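Dumped my_file34.pdb below, it's PDB, C-alpha atoms and all ligand atoms:
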```pdb
ATOM      1  CA  MET A 291       0.000   0.000   0.000
ATOM      2  CA  ALA A 292       1.590   3.239  -1.121
ATOM      3  CA  VAL A 293       1.620   5.941   1.500
ATOM      4  CA  ASN A 294       1.496   9.609   0.529
ATOM      5  CA  ASN A 295       0.461   8.752  -2.974
ATOM      6  CA  ASN A 296      -1.845  11.732  -3.206
ATOM      7  CA  PHE A 297      -4.960  12.108  -5.324
ATOM      8  CA  LYS A 298      -5.140   8.614  -6.650
ATOM      9  CA  ASN A 299      -7.880   6.135  -6.121
ATOM     10  CA  ASP A 300      -6.557   3.401  -3.915
ATOM     11  CA  ILE A 301      -8.275   0.060  -3.879
ATOM     12  CA  LEU A 302      -9.115  -0.855  -0.307
ATOM     13  CA  PHE A 303     -10.690  -4.262  -0.677
ATOM     14  CA  GLU A 304     -11.926  -6.627  -3.324
ATOM     15  CA  SER A 305     -14.237  -9.585  -3.004
ATOM     16  CA  LYS A 306     -16.238 -11.796  -5.345
ATOM     17  CA  ASN A 307     -19.211  -9.499  -5.063
ATOM     18  CA  GLY A 308     -17.665  -6.100  -5.094
ATOM     19  CA  TYR A 309     -14.814  -3.792  -4.305
ATOM     20  CA  SER A 310     -14.098  -0.584  -2.489
ATOM     21  CA  TYR A 311     -11.650   2.224  -2.920
ATOM     22  CA  GLN A 312     -10.684   5.500  -1.351
ATOM     23  CA  CYS A 313     -10.799   8.795  -3.201
ATOM     24  CA  ASP A 314      -8.233  11.195  -1.752
ATOM     25  CA  LYS A 315      -9.542  14.097  -3.803
ATOM     26  CA  THR A 316     -12.997  13.997  -2.222
ATOM     27  CA  ASN A 317     -11.997  12.300   1.056
ATOM     28  CA  SER A 318     -14.542   9.619   0.480
ATOM     29  CA  ILE A 319     -14.952   5.895   0.329
ATOM     30  CA  ILE A 320     -16.595   4.297  -2.648
ATOM     31  CA  ILE A 321     -18.333   0.988  -2.285
ATOM     32  CA  ASN A 322     -19.360  -1.158  -5.200
ATOM     33  CA  PHE A 323     -21.533  -4.040  -4.134
ATOM     34  CA  SER A 324     -23.012  -6.319  -6.812
ATOM     35  CA  GLY A 325     -22.954  -3.535  -9.348
ATOM     36  CA  ILE A 326     -24.337  -0.760  -7.152
ATOM     37  CA  THR A 327     -21.894   2.054  -6.462
ATOM     38  CA  SER A 328     -22.259   4.450  -3.556
ATOM     39  CA  LYS A 329     -19.951   7.040  -2.052
ATOM     40  CA  TYR A 330     -19.522   7.909   1.628
ATOM     41  CA  LYS A 331     -17.810  10.217   4.029
ATOM     42  CA  VAL A 332     -15.814   8.194   6.571
ATOM     43  CA  GLN A 333     -18.429   8.585   9.307
ATOM     44  CA  ASP A 334     -21.254   7.467   7.044
ATOM     45  CA  PHE A 335     -19.199   4.517   5.918
ATOM     46  CA  LEU A 336     -18.629   3.529   9.553
ATOM     47  CA  ILE A 337     -22.339   3.850  10.319
ATOM     48  CA  PHE A 338     -23.065   1.670   7.269
ATOM     49  CA  GLN A 339     -20.522  -0.938   8.386
ATOM     50  CA  ARG A 340     -21.824  -1.039  11.960
ATOM     51  CA  LYS A 341     -25.389  -1.303  10.750
ATOM     52  CA  VAL A 342     -24.670  -4.297   8.516
ATOM     53  CA  ASN A 343     -22.694  -5.953  11.305
ATOM     54  CA  SER A 344     -25.564  -5.489  13.730
ATOM     55  CA  VAL A 345     -28.012  -7.517  11.631
ATOM     56  CA  ASP A 346     -28.909 -10.646  13.559
ATOM     57  CA  ILE A 347     -28.271 -13.315  10.938
ATOM     58  CA  LEU A 348     -29.252 -16.240  13.192
ATOM     59  CA  ASP A 349     -32.503 -14.517  14.001
ATOM     60  CA  MET A 350     -33.256 -14.236  10.279
ATOM     61  CA  LEU A 351     -32.290 -17.880   9.747
ATOM     62  CA  TYR A 352     -34.581 -19.218  12.446
ATOM     63  CA  ASP A 353     -37.507 -17.013  11.530
ATOM     64  CA  LEU A 354     -39.543 -19.021   9.032
ATOM     65  CA  SER A 355     -41.920 -16.251   7.971
ATOM     66  CA  ASP A 356     -41.558 -14.829   4.463
ATOM     67  CA  LYS A 357     -40.810 -11.322   5.655
ATOM     68  CA  CYS A 358     -37.553 -12.572   7.127
ATOM     69  CA  ASP A 359     -36.090 -13.817   3.876
ATOM     70  CA  PHE A 360     -34.989 -10.262   3.187
ATOM     71  CA  LYS A 361     -33.806  -7.344   5.213
ATOM     72  CA  LEU A 362     -33.867  -3.733   4.076
ATOM     73  CA  ILE A 363     -30.403  -2.217   4.283
ATOM     74  CA  GLU A 364     -30.383   1.522   3.928
ATOM     75  CA  THR A 365     -27.586   4.048   4.256
ATOM     76  CA  THR A 366     -27.560   7.786   4.747
ATOM     77  CA  GLN A 367     -29.662   9.738   2.263
ATOM     78  CA  LYS A 368     -30.615   6.374   0.773
ATOM     79  CA  LYS A 369     -27.358   6.202  -1.143
ATOM     80  CA  PHE A 370     -27.783   2.476  -0.828
ATOM     81  CA  SER A 371     -31.231   1.060  -0.298
ATOM     82  CA  ARG A 372     -31.993  -2.544  -1.044
ATOM     83  CA  ASN A 373     -33.626  -5.621   0.324
ATOM     84  CA  LEU A 374     -30.844  -8.101   0.864
ATOM     85  CA  THR A 375     -30.965 -11.839   1.426
ATOM     86  CA  ILE A 376     -29.046 -13.441   4.301
ATOM     87  CA  CYS A 377     -26.417 -14.533   1.835
ATOM     88  CA  GLU A 378     -26.039 -11.015   0.420
ATOM     89  CA  ILE A 379     -25.779  -9.535   3.892
ATOM     90  CA  VAL A 380     -22.906 -11.888   4.695
ATOM     91  CA  GLN A 381     -21.202 -10.897   1.446
ATOM     92  CA  LEU A 382     -21.724  -7.191   2.094
ATOM     93  CA  ARG A 383     -20.363  -7.672   5.592
ATOM     94  CA  GLU A 384     -17.199  -9.205   4.183
ATOM     95  CA  LEU A 385     -16.743  -6.272   1.816
ATOM     96  CA  LEU A 386     -17.363  -3.592   4.452
ATOM     97  CA  ASN A 387     -15.274  -5.268   7.145
ATOM     98  CA  GLY A 388     -12.441  -5.809   4.688
ATOM     99  CA  THR A 389     -12.634  -2.148   3.735
ATOM    100  CA  LYS A 390     -12.588  -1.099   7.369
ATOM    101  CA  PHE A 391      -9.569  -3.306   7.994
ATOM    102  CA  ALA A 392      -7.681  -1.648   5.113
ATOM    103  CA  LEU A 393      -8.525   1.787   6.535
ATOM    104  CA  VAL A 394      -7.304   0.829  10.012
ATOM    105  CA  LEU A 395      -4.134  -0.717   8.623
ATOM    106  CA  ASN A 396      -3.405   2.394   6.569
ATOM    107  CA  SER A 397      -3.983   4.517   9.641
ATOM    108  CA  MET A 398      -1.530   2.455  11.675
ATOM    109  CA  LEU A 399       1.084   2.648   8.909
ATOM    110  CA  ASN A 400       0.660   6.391   8.709
ATOM    111  CA  GLU A 401       1.098   6.749  12.435
ATOM    112  CA  VAL A 402       4.293   4.724  12.463
ATOM    113  CA  LEU A 403       5.818   6.234   9.323
ATOM    114  CA  SER A 404       5.048   9.802  10.324
ATOM    115  CA  ASP A 405       6.448   9.371  13.810
ATOM    116  CA  VAL A 406       8.889  12.289  13.818
ATOM    117  CA  ALA A 407      10.064  11.528  17.335
ATOM    118  CA  VAL A 408      11.738   8.298  16.230
ATOM    119  CA  SER A 409      14.264  10.094  14.005
ATOM    120  CA  TYR A 410      15.203  12.432  16.833
ATOM    121  CA  LEU A 411      15.849   9.651  19.290
ATOM    122  CA  ASP A 412      18.785   8.063  17.445
TER     123      ASP A 412
ATOM    124  CA  MET B 135      -2.892   7.437   0.416
ATOM    125  CA  LYS B 136      -4.456   9.757   2.949
ATOM    126  CA  ASP B 137      -5.224   8.509   6.422
ATOM    127  CA  LEU B 138      -8.951   9.210   6.170
ATOM    128  CA  LEU B 139      -9.750   7.490   9.454
ATOM    129  CA  ARG B 140      -7.433   9.657  11.525
ATOM    130  CA  ARG B 141      -8.320  12.830   9.615
ATOM    131  CA  ASN B 142     -11.939  12.172  10.412
ATOM    132  CA  THR B 143     -11.634  11.500  14.121
ATOM    133  CA  ALA B 144      -9.161  11.518  16.973
ATOM    134  CA  LEU B 145     -11.345   9.099  18.897
ATOM    135  CA  ASN B 146     -10.355   5.488  19.209
ATOM    136  CA  GLU B 147     -13.308   3.182  18.521
ATOM    137  CA  GLY B 148     -13.269   1.670  21.988
ATOM    138  CA  VAL B 149     -13.169   5.068  23.658
ATOM    139  CA  GLU B 150     -16.023   6.240  21.443
ATOM    140  CA  LYS B 151     -18.071   3.229  22.482
ATOM    141  CA  LEU B 152     -17.543   3.940  26.172
ATOM    142  CA  LEU B 153     -18.369   7.623  25.678
ATOM    143  CA  ASN B 154     -21.642   6.664  24.030
ATOM    144  CA  LEU B 155     -22.326   4.382  26.977
ATOM    145  CA  GLN B 156     -21.565   7.244  29.363
ATOM    146  CA  SER B 157     -23.955   9.476  27.450
ATOM    147  CA  LYS B 158     -26.657   6.823  27.831
ATOM    148  CA  ILE B 159     -25.944   6.436  31.554
ATOM    149  CA  GLU B 160     -26.259  10.192  32.143
ATOM    150  CA  CYS B 161     -29.443  10.286  30.078
ATOM    151  CA  ASP B 162     -30.910   7.425  32.126
ATOM    152  CA  ALA B 163     -29.894   9.189  35.343
ATOM    153  CA  SER B 164     -31.884  12.217  34.229
ATOM    154  CA  THR B 165     -34.986  10.071  33.680
ATOM    155  CA  LYS B 166     -34.525   8.248  36.988
ATOM    156  CA  TYR B 167     -34.352  11.504  38.927
ATOM    157  CA  LEU B 168     -37.388  12.790  37.090
ATOM    158  CA  ALA B 169     -39.408   9.755  38.227
ATOM    159  CA  MET B 170     -38.155  10.312  41.782
ATOM    160  CA  ALA B 171     -39.161  13.971  41.631
ATOM    161  CA  ALA B 172     -42.672  13.043  40.545
ATOM    162  CA  TRP B 173     -42.991  10.452  43.326
ATOM    163  CA  LEU B 174     -41.804  12.964  45.933
ATOM    164  CA  ASP B 175     -44.160  15.584  44.542
ATOM    165  CA  ARG B 176     -47.228  13.369  44.760
ATOM    166  CA  ASN B 177     -46.364  12.304  48.272
ATOM    167  CA  GLY B 178     -46.146  15.842  49.567
ATOM    168  CA  TYR B 179     -42.378  16.244  49.691
ATOM    169  CA  VAL B 180     -42.501  19.369  47.588
ATOM    170  CA  GLU B 181     -39.137  20.847  48.548
ATOM    171  CA  THR B 182     -37.207  17.648  47.866
ATOM    172  CA  ALA B 183     -39.180  17.170  44.676
ATOM    173  CA  GLU B 184     -37.840  20.513  43.478
ATOM    174  CA  TYR B 185     -34.330  19.368  44.432
ATOM    175  CA  MET B 186     -34.787  16.208  42.348
ATOM    176  CA  TYR B 187     -36.176  18.112  39.359
ATOM    177  CA  LYS B 188     -32.979  20.112  39.461
ATOM    178  CA  GLN B 189     -30.868  16.950  39.670
ATOM    179  CA  SER B 190     -32.703  15.619  36.652
ATOM    180  CA  GLU B 191     -31.879  18.755  34.687
ATOM    181  CA  GLU B 192     -28.245  18.577  35.732
ATOM    182  CA  GLU B 193     -28.005  15.001  34.516
ATOM    183  CA  ARG B 194     -29.431  16.098  31.195
ATOM    184  CA  GLU B 195     -26.604  18.641  30.985
ATOM    185  CA  HIS B 196     -24.059  15.939  31.795
ATOM    186  CA  PHE B 197     -25.567  13.862  29.013
ATOM    187  CA  LEU B 198     -25.428  16.691  26.456
ATOM    188  CA  LYS B 199     -21.853  17.490  27.405
ATOM    189  CA  VAL B 200     -20.577  14.011  26.475
ATOM    190  CA  PHE B 201     -22.909  13.772  23.517
ATOM    191  CA  LYS B 202     -21.546  16.966  21.989
ATOM    192  CA  TYR B 203     -17.970  16.010  22.821
ATOM    193  CA  ILE B 204     -18.261  12.824  20.762
ATOM    194  CA  THR B 205     -19.377  14.803  17.709
ATOM    195  CA  GLU B 206     -16.818  17.533  18.328
ATOM    196  CA  MET B 207     -14.081  14.883  18.176
ATOM    197  CA  GLY B 208     -15.422  13.506  14.907
ATOM    198  CA  GLY B 209     -17.026  10.475  16.490
ATOM    199  CA  ILE B 210     -20.527   9.124  15.989
ATOM    200  CA  ALA B 211     -22.856  10.165  18.800
ATOM    201  CA  ILE B 212     -25.733   7.758  19.247
ATOM    202  CA  THR B 213     -28.961   9.181  20.648
ATOM    203  CA  PRO B 214     -29.854   6.924  23.578
ATOM    204  CA  ASP B 215     -33.206   5.162  23.663
ATOM    205  CA  VAL B 216     -35.396   6.150  26.574
ATOM    206  CA  SER B 217     -35.189   3.330  29.118
ATOM    207  CA  LYS B 218     -37.938   2.179  31.424
ATOM    208  CA  VAL B 219     -37.316   3.518  34.913
ATOM    209  CA  GLN B 220     -38.577   2.779  38.400
ATOM    210  CA  GLN B 221     -41.703   4.834  39.072
ATOM    211  CA  GLU B 222     -42.655   3.632  42.546
ATOM    212  CA  PHE B 223     -40.617   3.708  45.741
ATOM    213  CA  GLU B 224     -41.073   1.949  49.048
ATOM    214  CA  SER B 225     -40.451   4.999  51.161
ATOM    215  CA  PHE B 226     -39.029   8.514  51.345
ATOM    216  CA  ARG B 227     -35.687   7.070  52.426
ATOM    217  CA  ASP B 228     -35.742   4.407  49.722
ATOM    218  CA  VAL B 229     -35.547   7.160  47.086
ATOM    219  CA  PHE B 230     -32.208   8.315  48.462
ATOM    220  CA  GLU B 231     -30.828   4.820  48.941
ATOM    221  CA  ILE B 232     -31.413   4.262  45.237
ATOM    222  CA  ALA B 233     -30.034   7.691  44.317
ATOM    223  CA  LEU B 234     -26.737   6.965  46.100
ATOM    224  CA  GLN B 235     -26.425   3.542  44.479
ATOM    225  CA  ASN B 236     -27.050   5.171  41.135
ATOM    226  CA  GLU B 237     -24.327   7.769  41.652
ATOM    227  CA  ILE B 238     -21.841   5.059  42.614
ATOM    228  CA  THR B 239     -22.632   3.211  39.396
ATOM    229  CA  VAL B 240     -22.048   6.420  37.423
ATOM    230  CA  THR B 241     -18.704   7.008  39.158
ATOM    231  CA  ASN B 242     -17.589   3.498  38.236
ATOM    232  CA  ALA B 243     -18.541   4.122  34.616
ATOM    233  CA  VAL B 244     -16.577   7.389  34.575
ATOM    234  CA  ASN B 245     -13.514   5.583  35.926
ATOM    235  CA  LYS B 246     -13.823   2.949  33.230
ATOM    236  CA  VAL B 247     -13.746   5.585  30.484
ATOM    237  CA  ILE B 248     -10.599   7.096  31.957
ATOM    238  CA  ALA B 249      -8.886   3.718  32.311
ATOM    239  CA  LYS B 250      -9.593   3.101  28.625
ATOM    240  CA  CYS B 251      -8.252   6.568  27.710
ATOM    241  CA  ARG B 252      -4.982   5.753  29.438
ATOM    242  CA  LEU B 253      -4.751   2.459  27.615
ATOM    243  CA  GLU B 254      -5.240   4.206  24.271
ATOM    244  CA  ASN B 255      -3.113   7.290  25.044
ATOM    245  CA  ASP B 256      -6.164   9.516  24.606
ATOM    246  CA  TYR B 257      -5.187  12.390  26.895
ATOM    247  CA  ALA B 258      -7.721  14.803  25.414
ATOM    248  CA  THR B 259     -10.631  12.623  26.476
ATOM    249  CA  GLU B 260      -9.004  11.877  29.806
ATOM    250  CA  GLU B 261      -8.770  15.604  30.474
ATOM    251  CA  PHE B 262     -12.382  16.048  29.377
ATOM    252  CA  MET B 263     -13.521  13.269  31.713
ATOM    253  CA  MET B 264     -11.786  14.847  34.719
ATOM    254  CA  TRP B 265     -14.727  17.228  34.942
ATOM    255  CA  TYR B 266     -16.929  14.197  35.601
ATOM    256  CA  VAL B 267     -14.555  12.895  38.264
ATOM    257  CA  LYS B 268     -14.991  16.116  40.212
ATOM    258  CA  GLU B 269     -18.718  16.166  39.588
ATOM    259  CA  GLN B 270     -19.150  12.605  40.850
ATOM    260  CA  ARG B 271     -17.215  13.363  44.024
ATOM    261  CA  GLU B 272     -19.704  16.139  44.703
ATOM    262  CA  GLU B 273     -22.770  14.102  43.751
ATOM    263  CA  GLU B 274     -21.789  11.125  45.887
ATOM    264  CA  LYS B 275     -21.159  13.424  48.812
ATOM    265  CA  ASN B 276     -24.621  14.977  48.443
ATOM    266  CA  ALA B 277     -26.325  11.612  48.135
ATOM    267  CA  ARG B 278     -24.574  10.413  51.305
ATOM    268  CA  ARG B 279     -25.551  13.556  53.149
ATOM    269  CA  ALA B 280     -29.206  12.944  52.337
ATOM    270  CA  LEU B 281     -29.037   9.501  53.936
ATOM    271  CA  GLU B 282     -27.159  10.948  56.878
ATOM    272  CA  LEU B 283     -30.043  13.338  57.461
ATOM    273  CA  PHE B 284     -32.374  10.346  57.783
ATOM    274  CA  ASP B 285     -30.152   9.180  60.643
ATOM    275  CA  LEU B 286     -30.188  12.582  62.296
ATOM    276  CA  ILE B 287     -33.848  13.391  61.947
ATOM    277  CA  ASP B 288     -36.346  10.801  63.106
ATOM    278  CA  GLU B 289     -38.736  10.407  60.194
ATOM    279  CA  ASP B 290     -41.506   9.168  62.496
ATOM    280  CA  SER B 291     -41.266  11.960  65.024
ATOM    281  CA  ALA B 292     -43.646  14.908  64.965
ATOM    282  CA  CYS B 293     -42.779  17.059  61.942
ATOM    283  CA  GLY B 294     -39.957  14.578  61.120
ATOM    284  CA  LYS B 295     -40.954  14.116  57.504
ATOM    285  CA  PHE B 296     -41.627  17.831  57.122
ATOM    286  CA  GLU B 297     -38.195  18.697  58.522
ATOM    287  CA  LEU B 298     -36.409  16.098  56.383
ATOM    288  CA  ASP B 299     -38.081  17.467  53.281
ATOM    289  CA  LYS B 300     -36.812  20.943  54.102
ATOM    290  CA  GLN B 301     -33.279  19.891  55.039
ATOM    291  CA  ILE B 302     -32.628  17.557  52.101
ATOM    292  CA  ALA B 303     -33.703  20.282  49.683
ATOM    293  CA  LYS B 304     -30.940  22.495  51.144
ATOM    294  CA  ILE B 305     -28.128  20.061  50.358
ATOM    295  CA  GLY B 306     -25.440  21.536  48.179
ATOM    296  CA  VAL B 307     -26.697  25.105  48.247
TER     297      VAL B 307
HETATM  298 FE    FE C 501     -24.151  12.916  36.007
HETATM  299 FE    FE C 502     -25.332  12.450  39.157
END
```

For this file, produce the structure as structure tokens.
Amino acid sequence: MAVNNNFKNDILFESKNGYSYQCDKTNSIIINFSGITSKYKVQDFLIFQRKVNSVDILDMLYDLSDKCDFKLIETTQKKFSRNLTICEIVQLRELLNGTKFALVLNSMLNEVLSDVAVSYLD
Amino acid sequence: MKDLLRRNTALNEGVEKLLNLQSKIECDASTKYLAMAAWLDRNGYVETAEYMYKQSEEEREHFLKVFKYITEMGGIAITPDVSKVQQEFESFRDVFEIALQNEITVTNAVNKVIAKCRLENDYATEEFMMWYVKEQREEEKNARRALELFDLIDEDSACGKFELDKQIAKIGV
């Protein structure tokens, strides 16, 4: 992962069902999930990720009524709004959690590489 | 590649979680005191009821203070759901027994946030939380004083309840 490679779109995560990248020009995160593209500020991305993670998959599995075959997943300003199956939710989870991991990793790298104090200590 | 996460917020996820919990605890405290105020009011303890209404408002301020801090730091503030609270109390004294226990629980929660801040090197939030440390010291002291007054003034003596109502309302002023 290139650090300080300004104004380029960096791929964050790729899966069978989609991919995500970061746009340094607009400070946003772009998610493409099964062909649908949506763009988020970091906070909105995090809210999206937490929301998808909070879906009770087991609850959906054990509920035999028809209404539980799908769950409506909506993000801020309805940038993403779709009824997803259990399987799709698991796939979306993988994509969002992978994206989050890449963001955290990049953050850690930045912290270490920009640690000015280290060079003064030698 | 820009560090979007860090540019967005200085709050560690774990600290943010605990701050949201603290905001919920303060919000609940406000509702609990409101229920106590209403109970006191309908049982004739008008002075103490006023004291509790004020406590309830203070807790709401404590809640807003954390709530706004989370947003100020770039975190995600979650509006707490209104919890069910105790509406009925066994006795006048029972109200204050519960109030003290509640304050102790809040103090413990405050300490937990600070312990987490130290673990994550979040000195800004630690400094912010110090205000709550001081506040809790005061609130626990007041809650203890109320119970102490029950020991000093015999509730069942003539005018006992009337006197207690007056004296408790004076705590902290
Ligand atoms: Fe408080
Ligand atoms: Fe309090």

List, as a VMD selection string, every residue that the PyMOL selection byres (((not hetatm)) within 6 of (chain C and resi 501)) selects in the file provided. chain B and resid 160 193 196

Extract, using all atoms listed in the file, all DNA, RNA and protein residues at most 8 Å from B:Tyr179, discarding same-chain residues fewer than 4 positions from it, and format them as JSON, numbers by chain. {"B": [174, 175, 183, 296, 299]}

Within 9 Å of chain A: residues of chain B, using all atoms listed in the file, as a short mmCIF file (atom, residue, chain, number, x, y, z; two decimals) with C-alpha atoms, in the coordinates of the input:
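selection.cif, written as the output of this step:
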```cif
data_model
loop_
_atom_site.label_atom_id
_atom_site.label_comp_id
_atom_site.auth_asym_id
_atom_site.auth_seq_id
_atom_site.Cartn_x
_atom_site.Cartn_y
_atom_site.Cartn_z
CA MET B 135 -2.89 7.44 0.42
CA LYS B 136 -4.46 9.76 2.95
CA ASP B 137 -5.22 8.51 6.42
CA LEU B 138 -8.95 9.21 6.17
CA LEU B 139 -9.75 7.49 9.45
CA ARG B 140 -7.43 9.66 11.52
CA ASN B 142 -11.94 12.17 10.41
CA THR B 143 -11.63 11.50 14.12
CA GLY B 208 -15.42 13.51 14.91
CA GLY B 209 -17.03 10.48 16.49
CA ILE B 210 -20.53 9.12 15.99
#
```

Residues within 8 Å of ligand FE 502 (chain C) should be enumerated using all atoms listed in the file and returned as a PyMOL selection string. chain B and resi 160+163+189+192-193+236-237+240+269-270+273-274

Near stretch 353-356 of chain A, counting all atoms listed in the file, which residues have an atom at most 12 Å away, once you skip same-chain residues fewer than 5 positions from it, shown as a ChimeraX atom specification? /A:346-348,361,375-376

Provide an axis-aligned box for all listed atoms of stretch 191-202 of chain B, padding each side by 6 Å; report its centre and its edge lengths in Å to one decimal, as AutoDock Vina command-line options.
```
--center_x -26.2 --center_y 16.3 --center_z 28.9 --size_x 23.3 --size_y 17.0 --size_z 25.7
```

For stretch 226-228 of chain B, please output as a ChimeraX atom specification all residues within 10 Å (counting only C-alpha atoms; exclusion window: fewer than 5 positions along the same chain). /B:170,173-174,177,179,182,233,280-281,283-284,289,295,298-299

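In terms of minimum interatomic distance to B:Phe230, B:Ala277 ranks closest within B:Ile248, B:Leu152, B:Ala277, B:Val267, counting all atoms listed in the file.
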
State, in Å with one decimal place, the distance from atom CA of A:Tyr352 to atom CA of A:Gly308. 27.7 Å

Correct to one decimal, the distance atom CA of B:Met263-atom CA of B:Thr239 is 15.6 Å

Could you list, as a list of chain:residue names, every residue within 12 Å of B:Val149, counting all atoms listed in the file and ignoring same-chain residues fewer than 6 positions away? B:Thr143, B:Leu155, B:Gln156, B:Val200, B:Tyr203, B:Ile204, B:Met207, B:Gly209, B:Ile210, B:Ala211, B:Val244, B:Lys246, B:Val247, B:Ile248, B:Ala249, B:Lys250, B:Cys251, B:Arg252, B:Leu253, B:Glu254, B:Asn255, B:Asp256, B:Tyr257, B:Ala258, B:Thr259, B:Glu260, B:Met263

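Between atom CA of B:Ala169 and atom CA of B:Lys300 there is a distance of 19.6 Å.
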